[in-house]
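Colleague: Contents of start-v2.cif (mmCIF, C-alpha atoms and all ligand atoms) are below:
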```cif
data_structure
#
loop_
_atom_site.group_PDB
_atom_site.id
_atom_site.type_symbol
_atom_site.label_atom_id
_atom_site.label_comp_id
_atom_site.auth_asym_id
_atom_site.auth_seq_id
_atom_site.Cartn_x
_atom_site.Cartn_y
_atom_site.Cartn_z
ATOM 1 C CA MET A 1 103.400 76.144 19.480
ATOM 2 C CA ASN A 2 104.853 79.575 18.922
ATOM 3 C CA ALA A 3 105.826 79.790 15.264
ATOM 4 C CA ALA A 4 108.145 82.728 15.825
ATOM 5 C CA SER A 5 110.344 80.691 18.143
ATOM 6 C CA MET A 6 110.209 77.620 15.969
ATOM 7 C CA THR A 7 113.281 75.445 16.134
ATOM 8 C CA GLY A 8 114.395 72.517 14.043
ATOM 9 C CA MET A 9 113.687 74.075 10.637
ATOM 10 C CA THR A 10 116.246 72.931 8.114
ATOM 11 C CA ALA A 11 116.974 74.434 4.710
ATOM 12 C CA LEU A 12 114.466 72.035 3.198
ATOM 13 C CA SER A 13 111.801 71.275 5.770
ATOM 14 C CA ILE A 14 110.179 72.107 9.081
ATOM 15 C CA GLY A 15 111.297 69.909 11.977
ATOM 16 C CA LYS A 16 109.764 66.482 12.473
ATOM 17 C CA ASP A 17 108.954 67.426 16.078
ATOM 18 C CA ILE A 18 106.788 70.371 15.005
ATOM 19 C CA ARG A 19 103.103 69.424 15.096
ATOM 20 C CA LEU A 20 100.655 71.951 13.739
ATOM 21 C CA ASN A 21 97.295 71.224 15.325
ATOM 22 C CA SER A 22 95.061 73.839 13.730
ATOM 23 C CA ALA A 23 94.563 76.005 10.646
ATOM 24 C CA GLU A 24 95.620 79.016 12.738
ATOM 25 C CA GLU A 25 98.937 77.395 13.673
ATOM 26 C CA LEU A 26 99.437 76.523 10.033
ATOM 27 C CA GLU A 27 98.892 80.119 8.923
ATOM 28 C CA ALA A 28 101.220 81.467 11.631
ATOM 29 C CA THR A 29 103.930 79.042 10.490
ATOM 30 C CA LEU A 30 103.467 79.952 6.822
ATOM 31 C CA ARG A 31 103.813 83.641 7.697
ATOM 32 C CA HIS A 32 106.923 82.881 9.718
ATOM 33 C CA ILE A 33 108.436 81.045 6.741
ATOM 34 C CA GLY A 34 107.675 84.035 4.505
ATOM 35 C CA ALA A 35 109.123 86.505 7.000
ATOM 36 C CA THR A 36 112.380 84.574 7.275
ATOM 37 C CA ARG A 37 112.868 83.058 3.804
ATOM 38 C CA TYR A 38 111.132 85.103 1.106
ATOM 39 C CA HIS A 39 113.462 86.402 -1.605
ATOM 40 C CA SER A 40 112.708 89.999 -0.576
ATOM 41 C CA LEU A 41 115.521 89.340 1.938
ATOM 42 C CA HIS A 42 118.063 88.388 -0.736
ATOM 43 C CA PRO A 43 121.044 90.744 -1.174
ATOM 44 C CA PHE A 44 120.458 90.906 -4.946
ATOM 45 C CA HIS A 45 117.026 92.466 -4.339
ATOM 46 C CA LYS A 46 118.550 95.012 -1.976
ATOM 47 C CA LEU A 47 120.938 96.025 -4.770
ATOM 48 C CA LEU A 48 118.174 96.058 -7.406
ATOM 49 C CA HIS A 49 115.747 98.175 -5.401
ATOM 50 C CA GLY A 50 118.394 100.419 -3.913
ATOM 51 C CA GLY A 51 119.676 101.585 -7.290
ATOM 52 C CA LYS A 52 123.000 99.823 -6.846
ATOM 53 C CA LEU A 53 123.003 97.891 -10.130
ATOM 54 C CA ASN A 54 124.021 99.106 -13.566
ATOM 55 C CA LYS A 55 121.767 98.758 -16.591
ATOM 56 C CA GLY A 56 123.394 95.509 -17.756
ATOM 57 C CA GLN A 57 122.784 93.906 -14.367
ATOM 58 C CA VAL A 58 119.128 95.014 -14.396
ATOM 59 C CA GLN A 59 118.848 93.592 -17.923
ATOM 60 C CA ALA A 60 120.223 90.260 -16.687
ATOM 61 C CA TRP A 61 117.618 90.162 -13.907
ATOM 62 C CA ALA A 62 114.710 90.951 -16.265
ATOM 63 C CA LEU A 63 115.935 88.482 -18.894
ATOM 64 C CA ASN A 64 116.181 85.655 -16.371
ATOM 65 C CA ARG A 65 112.886 86.509 -14.683
ATOM 66 C CA TYR A 66 111.195 86.272 -18.081
ATOM 67 C CA TYR A 67 111.753 82.536 -17.921
ATOM 68 C CA TYR A 68 109.979 82.368 -14.557
ATOM 69 C CA GLN A 69 107.123 84.571 -15.772
ATOM 70 C CA SER A 70 106.590 82.698 -19.009
ATOM 71 C CA THR A 71 106.631 79.334 -17.240
ATOM 72 C CA ILE A 72 104.001 80.315 -14.640
ATOM 73 C CA PRO A 73 101.013 79.626 -16.955
ATOM 74 C CA ILE A 74 102.526 76.237 -17.858
ATOM 75 C CA LYS A 75 102.847 75.513 -14.143
ATOM 76 C CA ASP A 76 99.256 76.637 -13.608
ATOM 77 C CA ALA A 77 98.035 74.354 -16.396
ATOM 78 C CA VAL A 78 99.785 71.511 -14.556
ATOM 79 C CA VAL A 79 98.066 72.517 -11.300
ATOM 80 C CA ILE A 80 94.684 72.519 -13.049
ATOM 81 C CA SER A 81 95.420 69.076 -14.481
ATOM 82 C CA ARG A 82 95.702 67.706 -10.933
ATOM 83 C CA PHE A 83 92.065 68.418 -10.080
ATOM 84 C CA ARG A 84 88.964 66.365 -10.919
ATOM 85 C CA ASP A 85 87.029 69.010 -9.020
ATOM 86 C CA ARG A 86 85.607 71.459 -11.535
ATOM 87 C CA ALA A 87 85.198 74.308 -9.039
ATOM 88 C CA THR A 88 88.931 74.328 -8.252
ATOM 89 C CA ARG A 89 89.831 74.234 -11.951
ATOM 90 C CA LEU A 90 87.480 77.152 -12.598
ATOM 91 C CA GLU A 91 88.983 79.178 -9.774
ATOM 92 C CA TRP A 92 92.541 78.515 -10.929
ATOM 93 C CA ARG A 93 91.910 79.181 -14.628
ATOM 94 C CA HIS A 94 92.053 82.980 -14.458
ATOM 95 C CA ARG A 95 95.725 82.731 -13.457
ATOM 96 C CA ILE A 96 96.551 81.475 -16.930
ATOM 97 C CA GLU A 97 94.584 84.331 -18.475
ATOM 98 C CA ASP A 98 96.309 86.857 -16.189
ATOM 99 C CA HIS A 99 99.650 85.839 -17.670
ATOM 100 C CA ASP A 100 98.788 84.820 -21.219
ATOM 101 C CA GLY A 101 96.091 87.474 -21.775
ATOM 102 C CA ASP A 102 93.287 86.758 -24.196
ATOM 103 C CA ILE A 103 92.544 87.438 -27.840
ATOM 104 C CA GLY A 104 92.757 91.237 -28.022
ATOM 105 C CA SER A 105 93.735 91.787 -24.386
ATOM 106 C CA GLU A 106 97.206 92.052 -22.981
ATOM 107 C CA GLY A 107 98.531 89.673 -20.326
ATOM 108 C CA GLY A 108 101.417 89.657 -17.889
ATOM 109 C CA ILE A 109 103.907 88.090 -20.265
ATOM 110 C CA GLU A 110 103.409 90.945 -22.753
ATOM 111 C CA ARG A 111 103.789 93.431 -19.917
ATOM 112 C CA TRP A 112 107.035 91.719 -18.914
ATOM 113 C CA LEU A 113 108.284 92.043 -22.493
ATOM 114 C CA LYS A 114 107.558 95.785 -22.267
ATOM 115 C CA LEU A 115 109.953 95.832 -19.348
ATOM 116 C CA THR A 116 112.703 93.931 -21.172
ATOM 117 C CA GLU A 117 112.199 96.013 -24.338
ATOM 118 C CA GLY A 118 112.244 99.240 -22.304
ATOM 119 C CA LEU A 119 115.535 98.079 -20.817
ATOM 120 C CA GLY A 120 116.938 97.749 -24.336
ATOM 121 C CA LEU A 121 116.794 93.969 -24.796
ATOM 122 C CA ASP A 122 115.775 92.421 -28.104
ATOM 123 C CA THR A 123 112.396 90.712 -27.644
ATOM 124 C CA ALA A 124 113.207 87.744 -29.883
ATOM 125 C CA TYR A 125 116.347 87.119 -27.814
ATOM 126 C CA VAL A 126 114.386 87.316 -24.555
ATOM 127 C CA GLU A 127 111.671 84.973 -25.844
ATOM 128 C CA SER A 128 114.263 82.482 -27.078
ATOM 129 C CA THR A 129 115.440 82.117 -23.421
ATOM 130 C CA GLU A 130 118.877 81.294 -24.878
ATOM 131 C CA GLY A 131 120.761 83.667 -22.626
ATOM 132 C CA ILE A 132 119.350 82.654 -19.245
ATOM 133 C CA LEU A 133 121.503 81.160 -16.524
ATOM 134 C CA PRO A 134 121.461 77.363 -16.191
ATOM 135 C CA ALA A 135 120.346 77.760 -12.564
ATOM 136 C CA THR A 136 117.317 79.798 -13.641
ATOM 137 C CA ARG A 137 116.214 77.012 -15.946
ATOM 138 C CA PHE A 138 116.827 74.273 -13.385
ATOM 139 C CA ALA A 139 114.987 76.112 -10.600
ATOM 140 C CA VAL A 140 111.964 77.033 -12.699
ATOM 141 C CA GLU A 141 111.695 73.531 -14.160
ATOM 142 C CA ALA A 142 111.855 72.131 -10.634
ATOM 143 C CA TYR A 143 108.779 74.197 -9.751
ATOM 144 C CA VAL A 144 106.790 72.710 -12.660
ATOM 145 C CA HIS A 145 107.928 69.177 -11.774
ATOM 146 C CA TYR A 146 106.980 69.743 -8.161
ATOM 147 C CA CYS A 147 103.426 70.671 -9.104
ATOM 148 C CA ARG A 148 103.172 67.615 -11.338
ATOM 149 C CA GLU A 149 104.592 65.083 -8.909
ATOM 150 C CA LYS A 150 103.581 66.122 -5.410
ATOM 151 C CA SER A 151 100.018 66.066 -4.042
ATOM 152 C CA PRO A 152 97.432 68.548 -5.387
ATOM 153 C CA LEU A 153 97.469 70.163 -1.923
ATOM 154 C CA GLU A 154 101.239 70.725 -2.166
ATOM 155 C CA ALA A 155 100.852 72.029 -5.734
ATOM 156 C CA ILE A 156 98.499 74.745 -4.461
ATOM 157 C CA ALA A 157 100.615 75.396 -1.373
ATOM 158 C CA SER A 158 103.714 76.038 -3.461
ATOM 159 C CA SER A 159 102.069 79.177 -4.872
ATOM 160 C CA LEU A 160 101.821 80.703 -1.379
ATOM 161 C CA THR A 161 104.941 82.833 -1.801
ATOM 162 C CA GLU A 162 102.514 85.206 -3.487
ATOM 163 C CA LEU A 163 101.260 86.143 -0.019
ATOM 164 C CA PHE A 164 104.486 88.067 0.373
ATOM 165 C CA ALA A 165 104.855 89.451 -3.178
ATOM 166 C CA PRO A 166 102.799 92.695 -2.951
ATOM 167 C CA ASN A 167 105.123 94.354 -0.397
ATOM 168 C CA LEU A 168 108.066 93.422 -2.557
ATOM 169 C CA HIS A 169 106.406 94.771 -5.704
ATOM 170 C CA GLU A 170 105.629 98.087 -3.948
ATOM 171 C CA GLU A 171 109.255 98.351 -2.882
ATOM 172 C CA ARG A 172 110.418 97.480 -6.399
ATOM 173 C CA ILE A 173 108.179 99.995 -8.184
ATOM 174 C CA SER A 174 109.162 102.910 -5.971
ATOM 175 C CA GLY A 175 112.836 101.907 -5.651
ATOM 176 C CA MET A 176 113.461 101.343 -9.340
ATOM 177 C CA LEU A 177 111.579 104.481 -10.438
ATOM 178 C CA GLU A 178 113.511 106.557 -7.955
ATOM 179 C CA HIS A 179 116.967 105.210 -8.679
ATOM 180 C CA TYR A 180 117.242 104.355 -12.380
ATOM 181 C CA ASP A 181 116.926 106.896 -15.178
ATOM 182 C CA PHE A 182 116.292 104.025 -17.643
ATOM 183 C CA VAL A 183 113.101 102.975 -15.785
ATOM 184 C CA ASN A 184 109.701 104.687 -16.239
ATOM 185 C CA PRO A 185 106.137 103.936 -15.025
ATOM 186 C CA ASP A 186 105.130 102.440 -18.360
ATOM 187 C CA ILE A 187 107.712 99.678 -18.292
ATOM 188 C CA MET A 188 106.870 98.922 -14.633
ATOM 189 C CA SER A 189 103.191 98.264 -15.495
ATOM 190 C CA TYR A 190 103.650 94.519 -14.917
ATOM 191 C CA PHE A 191 104.157 95.065 -11.188
ATOM 192 C CA LYS A 192 101.355 97.617 -10.828
ATOM 193 C CA ARG A 193 98.935 95.074 -12.239
ATOM 194 C CA ARG A 194 100.186 92.294 -9.950
ATOM 195 C CA LEU A 195 99.399 94.453 -6.902
ATOM 196 C CA ALA A 196 95.706 93.697 -7.503
ATOM 197 C CA GLN A 197 96.080 90.135 -8.829
ATOM 198 C CA ALA A 198 98.450 88.614 -6.256
ATOM 199 C CA PRO A 199 96.368 89.230 -3.073
ATOM 200 C CA ARG A 200 93.297 87.622 -4.628
ATOM 201 C CA ASP A 201 95.311 84.584 -5.777
ATOM 202 C CA ALA A 202 97.197 84.240 -2.512
ATOM 203 C CA GLY A 203 93.970 84.621 -0.512
ATOM 204 C CA PHE A 204 92.362 81.724 -2.367
ATOM 205 C CA ALA A 205 95.430 79.503 -1.928
ATOM 206 C CA LEU A 206 95.683 80.308 1.786
ATOM 207 C CA ASP A 207 91.988 79.563 2.408
ATOM 208 C CA TYR A 208 92.362 76.370 0.385
ATOM 209 C CA VAL A 209 95.287 74.966 2.372
ATOM 210 C CA LYS A 210 93.700 75.973 5.695
ATOM 211 C CA ALA A 211 90.533 74.098 4.784
ATOM 212 C CA HIS A 212 92.094 71.044 3.102
ATOM 213 C CA ALA A 213 95.149 70.324 5.262
ATOM 214 C CA THR A 214 93.312 68.620 8.096
ATOM 215 C CA THR A 215 96.074 66.574 9.770
ATOM 216 C CA PRO A 216 99.432 67.650 11.270
ATOM 217 C CA GLU A 217 101.174 65.677 8.487
ATOM 218 C CA GLN A 218 99.279 67.523 5.772
ATOM 219 C CA ARG A 219 99.946 70.876 7.459
ATOM 220 C CA ALA A 220 103.657 70.019 7.546
ATOM 221 C CA SER A 221 103.542 69.164 3.831
ATOM 222 C CA VAL A 222 102.000 72.588 3.118
ATOM 223 C CA CYS A 223 104.812 74.306 5.050
ATOM 224 C CA ASN A 224 107.410 72.257 3.227
ATOM 225 C CA ALA A 225 105.885 73.211 -0.122
ATOM 226 C CA LEU A 226 106.285 76.866 0.804
ATOM 227 C CA ILE A 227 109.886 76.263 1.922
ATOM 228 C CA PHE A 228 110.572 74.496 -1.375
ATOM 229 C CA LYS A 229 109.174 77.469 -3.292
ATOM 230 C CA THR A 230 111.136 80.052 -1.313
ATOM 231 C CA ASN A 231 114.201 78.034 -2.336
ATOM 232 C CA VAL A 232 113.139 78.089 -6.012
ATOM 233 C CA LEU A 233 113.068 81.890 -5.814
ATOM 234 C CA TRP A 234 116.196 82.276 -3.658
ATOM 235 C CA VAL A 235 118.533 80.194 -5.831
ATOM 236 C CA GLN A 236 117.597 82.237 -8.889
ATOM 237 C CA LEU A 237 118.912 85.344 -7.151
ATOM 238 C CA ASP A 238 121.992 83.485 -5.871
ATOM 239 C CA ALA A 239 122.779 82.649 -9.493
ATOM 240 C CA LEU A 240 122.261 86.266 -10.633
ATOM 241 C CA GLN A 241 124.483 87.501 -7.809
ATOM 242 C CA HIS A 242 127.248 85.042 -8.642
ATOM 243 C CA ALA A 243 127.144 85.746 -12.381
ATOM 244 C CA TYR A 244 126.466 89.471 -12.606
ATOM 245 C CA VAL A 245 127.601 90.969 -9.299
ATOM 246 C CA GLU A 246 130.586 88.748 -8.591
ATOM 247 C CA GLY A 247 131.373 88.441 -12.297
ATOM 248 C CA HIS A 248 131.258 84.690 -12.913
ATOM 249 C CA ILE A 249 129.043 84.535 -15.999
ATOM 250 C CA PRO A 250 128.594 80.896 -17.114
ATOM 251 C CA PRO A 251 129.564 79.998 -20.691
ATOM 252 C CA GLY A 252 126.873 80.973 -23.185
ATOM 253 C CA ALA A 253 124.839 83.107 -20.781
ATOM 254 C CA PHE A 254 123.851 86.719 -21.478
ATOM 255 C CA ALA A 255 126.839 89.039 -21.267
ATOM 256 C CA PRO A 256 125.854 92.720 -20.813
ATOM 257 C CA LYS A 257 127.487 95.209 -23.147
ATOM 258 C CA ALA A 258 129.903 97.476 -21.304
ATOM 259 C CA SER A 259 127.938 100.577 -20.258
HETATM 260 O O1 LIG B 301 108.370 89.658 -8.355
HETATM 261 C C1 LIG B 301 108.344 88.749 -7.533
HETATM 262 O O2 LIG B 301 109.154 88.674 -6.623
HETATM 263 C C2 LIG B 301 107.322 87.683 -7.703
HETATM 264 C C3 LIG B 301 107.302 86.598 -6.854
HETATM 265 C C4 LIG B 301 106.363 85.590 -7.078
HETATM 266 C C5 LIG B 301 106.352 84.515 -6.097
HETATM 267 O O3 LIG B 301 106.443 84.841 -4.899
HETATM 268 O O4 LIG B 301 106.317 83.356 -6.455
HETATM 269 C C6 LIG B 301 105.483 85.675 -8.170
HETATM 270 C C7 LIG B 301 105.552 86.847 -8.937
HETATM 271 N N1 LIG B 301 106.451 87.819 -8.706
HETATM 272 C C8 LIG B 301 104.663 87.071 -10.015
HETATM 273 O O5 LIG B 301 104.705 88.126 -10.651
HETATM 274 C C9 LIG B 301 103.732 86.069 -10.368
HETATM 275 O O6 LIG B 301 102.950 86.244 -11.298
HETATM 276 C C10 LIG B 301 103.706 84.869 -9.641
HETATM 277 C C11 LIG B 301 102.961 83.695 -9.795
HETATM 278 C C12 LIG B 301 103.419 82.850 -8.839
HETATM 279 C C13 LIG B 301 103.035 81.462 -8.583
HETATM 280 O O7 LIG B 301 103.775 80.800 -7.841
HETATM 281 O O8 LIG B 301 102.023 80.976 -9.132
HETATM 282 N N2 LIG B 301 104.383 83.456 -8.114
HETATM 283 C C14 LIG B 301 104.566 84.685 -8.566
#
```
Can you dump the structure from the file as structure tokens?

Modeller:
Amino acid sequence: MNAASMTGMTALSIGKDIRLNSAEELEATLRHIGATRYHSLHPFHKLLHGGKLNKGQVQAWALNRYYYQSTIPIKDAVVISRFRDRATRLEWRHRIEDHDGDIGSEGGIERWLKLTEGLGLDTAYVESTEGILPATRFAVEAYVHYCREKSPLEAIASSLTELFAPNLHEERISGMLEHYDFVNPDIMSYFKRRLAQAPRDAGFALDYVKAHATTPEQRASVCNALIFKTNVLWVQLDALQHAYVEGHIPPGAFAPKAS
């Protein structure tokens, strides 16, 4: 089967008639899903990286993304809880440390707060998550539930969007530094650090699903987990676009000060 000419993919799943007969076909299909559905393609990202947003809109993005970032270690604790196998738990554990840090060493969540603080947001307000969009909360919670309720294989597979994150982070670092005078290298340190972390994590997850999805049904479930996750990311940007570009801010959500 040629993944690039794949037909029958719906918004939620690959077609029932698609049978993936090998690990190589699985990987080709996963890469096709990333190339056609990753949130790098979303119009909100084009605006963000192209310097087309004002400071309030960038604040709204960073504030909402904080909820995603700060939930990732909770999600990863759920993933770990799905495994009896000690080796898999050990391998996954560093992801929690990457985000939470350790006693005396900074983690990704603190680096994200540098970004929100550098953008002029009050840290206590960001951490309270009071101002986030309802859709951000629903989408991020859905990701945690997914990892709790689906198979351990699908829980790992749902992290595979990270295969496609480094290109996006490169584009974001250079685009935002070039276009916004309120952005500097220090507050972008979160993304610089992820450039090293994400390929290692994604590489493990890809090898894992290639080795452990041994039937066409399991390979389809891996693809559907990745489709689910691309949707988790996509709807968050849809909600930002609707609220902060088209101007329909839901009641109670963050309202940027006029700049
Ligand atoms: O900036 C981004 O677009 C982006 C995307 C993703 C992703 O693809 O899920 C992650 C991250 N960043 C990220 O920083 C991160 O730590 C991360 C963890 C995970 C995950 O699913 O376990 N995804 C992502």

Colleague: When the PyMOL selection byres (((chain A and resi 203) around 12) and not hetatm) is applied to the file above, which residues end up in the set, as a list in words?

Modeller: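 Answer for the PyMOL selection byres (((chain A and resi 203) around 12) and not hetatm): Glu27, Glu91, Ile156, Ala157, Ser159, Leu160, Thr161, Glu162, Leu163, Phe164, Ala196, Gln197, Ala198, Pro199, Arg200, Asp201, Ala202, Phe204, Ala205, Leu206, Asp207, Tyr208, Val209 and Lys210 of chain A.
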
Colleague: Taking only C-alpha atoms and all ligand atoms into account, list the residues no farther than 10 Å from ligand LIG 301 (chain B), as a ChimeraX atom specification.

Modeller: /A:34,38-40,45,65,68-76,79,92,95-96,98-99,108-109,112,143-144,155-170,172,190-191,193-195,197-198,201-202,205,226,229-230,232-234

Colleague: On this structure, the PyMOL selection byres (((chain A and resi 217) around 12) and not hetatm) would catch which residues? List them as a list in words, sorted by chain and number.

Modeller: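 Here the PyMOL selection byres (((chain A and resi 217) around 12) and not hetatm) matches Ile14, Gly15, Lys16, Asp17, Ile18, Arg19, Leu20, Asn21, Ser22, Leu26, Leu153, Glu154, His212, Ala213, Thr214, Thr215, Pro216, Gln218, Arg219, Ala220, Ser221, Val222, Cys223 and Asn224 of chain A.
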
Colleague: So that I can see what lies close to Leu47 in chain A, please list as a VMD selection string the residues with an atom at most 12 Å from it, counting only C-alpha atoms and leaving out residues fewer than 4 positions away in the same chain.

Modeller: chain A and resid 40 to 43 51 to 54 57 to 58 61 172 175 to 176 179 to 180 237 240 to 241 244 to 245

Colleague: Restricted to C-alpha atoms, what would the selected residues look like written as a compact mmCIF listing (two decimals), in the frame of the given file?

Modeller:
```
# COMPACT_ATOMS: atom_id res chain seq x y z
CA SER A 40 112.71 90.00 -0.58
CA LEU A 41 115.52 89.34 1.94
CA HIS A 42 118.06 88.39 -0.74
CA PRO A 43 121.04 90.74 -1.17
CA GLY A 51 119.68 101.58 -7.29
CA LYS A 52 123.00 99.82 -6.85
CA LEU A 53 123.00 97.89 -10.13
CA ASN A 54 124.02 99.11 -13.57
CA GLN A 57 122.78 93.91 -14.37
CA VAL A 58 119.13 95.01 -14.40
CA TRP A 61 117.62 90.16 -13.91
CA ARG A 172 110.42 97.48 -6.40
CA GLY A 175 112.84 101.91 -5.65
CA MET A 176 113.46 101.34 -9.34
CA HIS A 179 116.97 105.21 -8.68
CA TYR A 180 117.24 104.36 -12.38
CA LEU A 237 118.91 85.34 -7.15
CA LEU A 240 122.26 86.27 -10.63
CA GLN A 241 124.48 87.50 -7.81
CA TYR A 244 126.47 89.47 -12.61
CA VAL A 245 127.60 90.97 -9.30
```

Colleague: So what do you get for CA of Lys114 in chain A versus CA of Ser189 in chain A, distance-wise?

Modeller: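 One can read the CA of Lys114 in chain A to CA of Ser189 in chain A distance as 8.4 Å.
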
Colleague: What do you get, as a compact mmCIF listing (two decimals) with C-alpha atoms, in the coordinates of the input, if you spell out every residue that the PyMOL selection byres (((chain A and resi 130) around 10) and not hetatm) selects here?

Modeller:
```txt
# COMPACT_ATOMS: atom_id res chain seq x y z
CA LEU A 63 115.94 88.48 -18.89
CA ASN A 64 116.18 85.66 -16.37
CA ALA A 124 113.21 87.74 -29.88
CA TYR A 125 116.35 87.12 -27.81
CA VAL A 126 114.39 87.32 -24.56
CA GLU A 127 111.67 84.97 -25.84
CA SER A 128 114.26 82.48 -27.08
CA THR A 129 115.44 82.12 -23.42
CA GLY A 131 120.76 83.67 -22.63
CA ILE A 132 119.35 82.65 -19.24
CA LEU A 133 121.50 81.16 -16.52
CA PRO A 134 121.46 77.36 -16.19
CA GLY A 252 126.87 80.97 -23.18
CA ALA A 253 124.84 83.11 -20.78
CA PHE A 254 123.85 86.72 -21.48
```

Colleague: Would you mind telling me which residue in A:Leu115, A:Ala211, A:Ala258, A:Val235 lies nearest to Phe182 in chain A when using all atoms listed in the file?

Modeller: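 Of the candidates, the smallest distance to Phe182 in chain A is held by A:Leu115.
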
Colleague: A:Ile227, A:Val78, A:Ile249, A:Leu121: which is nearest Arg31 in chain A, counting only C-alpha atoms?

Modeller: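 Smallest separation from Arg31 in chain A among the options: A:Ile227.
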
Colleague: Which of these residues is nearest to Gly50 in chain A, using only C-alpha atoms: A:Asp181, A:Asp100, A:Glu171, A:Glu25?

Modeller: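 Of A:Asp181, A:Asp100, A:Glu171, A:Glu25, the one nearest Gly50 in chain A is A:Glu171, counting only C-alpha atoms.
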
Colleague: Using Å and a single decimal, report how far CA of Val140 in chain A sits from CA of Pro152 in chain A.

Modeller: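 CA of Val140 in chain A lies at a distance of 18.3 Å from CA of Pro152 in chain A.
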
Colleague: Using only C-alpha atoms, can you tell me which of A:Ala62, A:Ala28, A:Met9, A:Met188 comes closest to Thr123 in chain A?

Modeller: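 Answer, going by the shortest atom-to-atom distance: A:Ala62.
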
Colleague: Box in all listed atoms of range 194-202 of chain A, axis-aligned, with 3 Å more on each side; write out centre and edge lengths in Å to one decimal as AutoDock Vina command-line options.

Modeller:
```
--center_x 96.7 --center_y 89.3 --center_z -6.2 --size_x 12.9 --size_y 16.2 --size_z 13.4
```

Colleague: Which value, in Å to one decimal, gives the distance between CA of Ala243 in chain A and CA of Pro256 in chain A?

Modeller: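 Interatomic distance here is 11.0 Å.
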
Colleague: Here is a test: counting all atoms listed in the file, which residue of A:Thr116, A:Ser13, A:Asn231, A:Ser174 is nearest to Tyr66 in chain A?

Modeller: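 Between A:Thr116, A:Ser13, A:Asn231, A:Ser174, the residue approaching Tyr66 in chain A most closely is A:Thr116.
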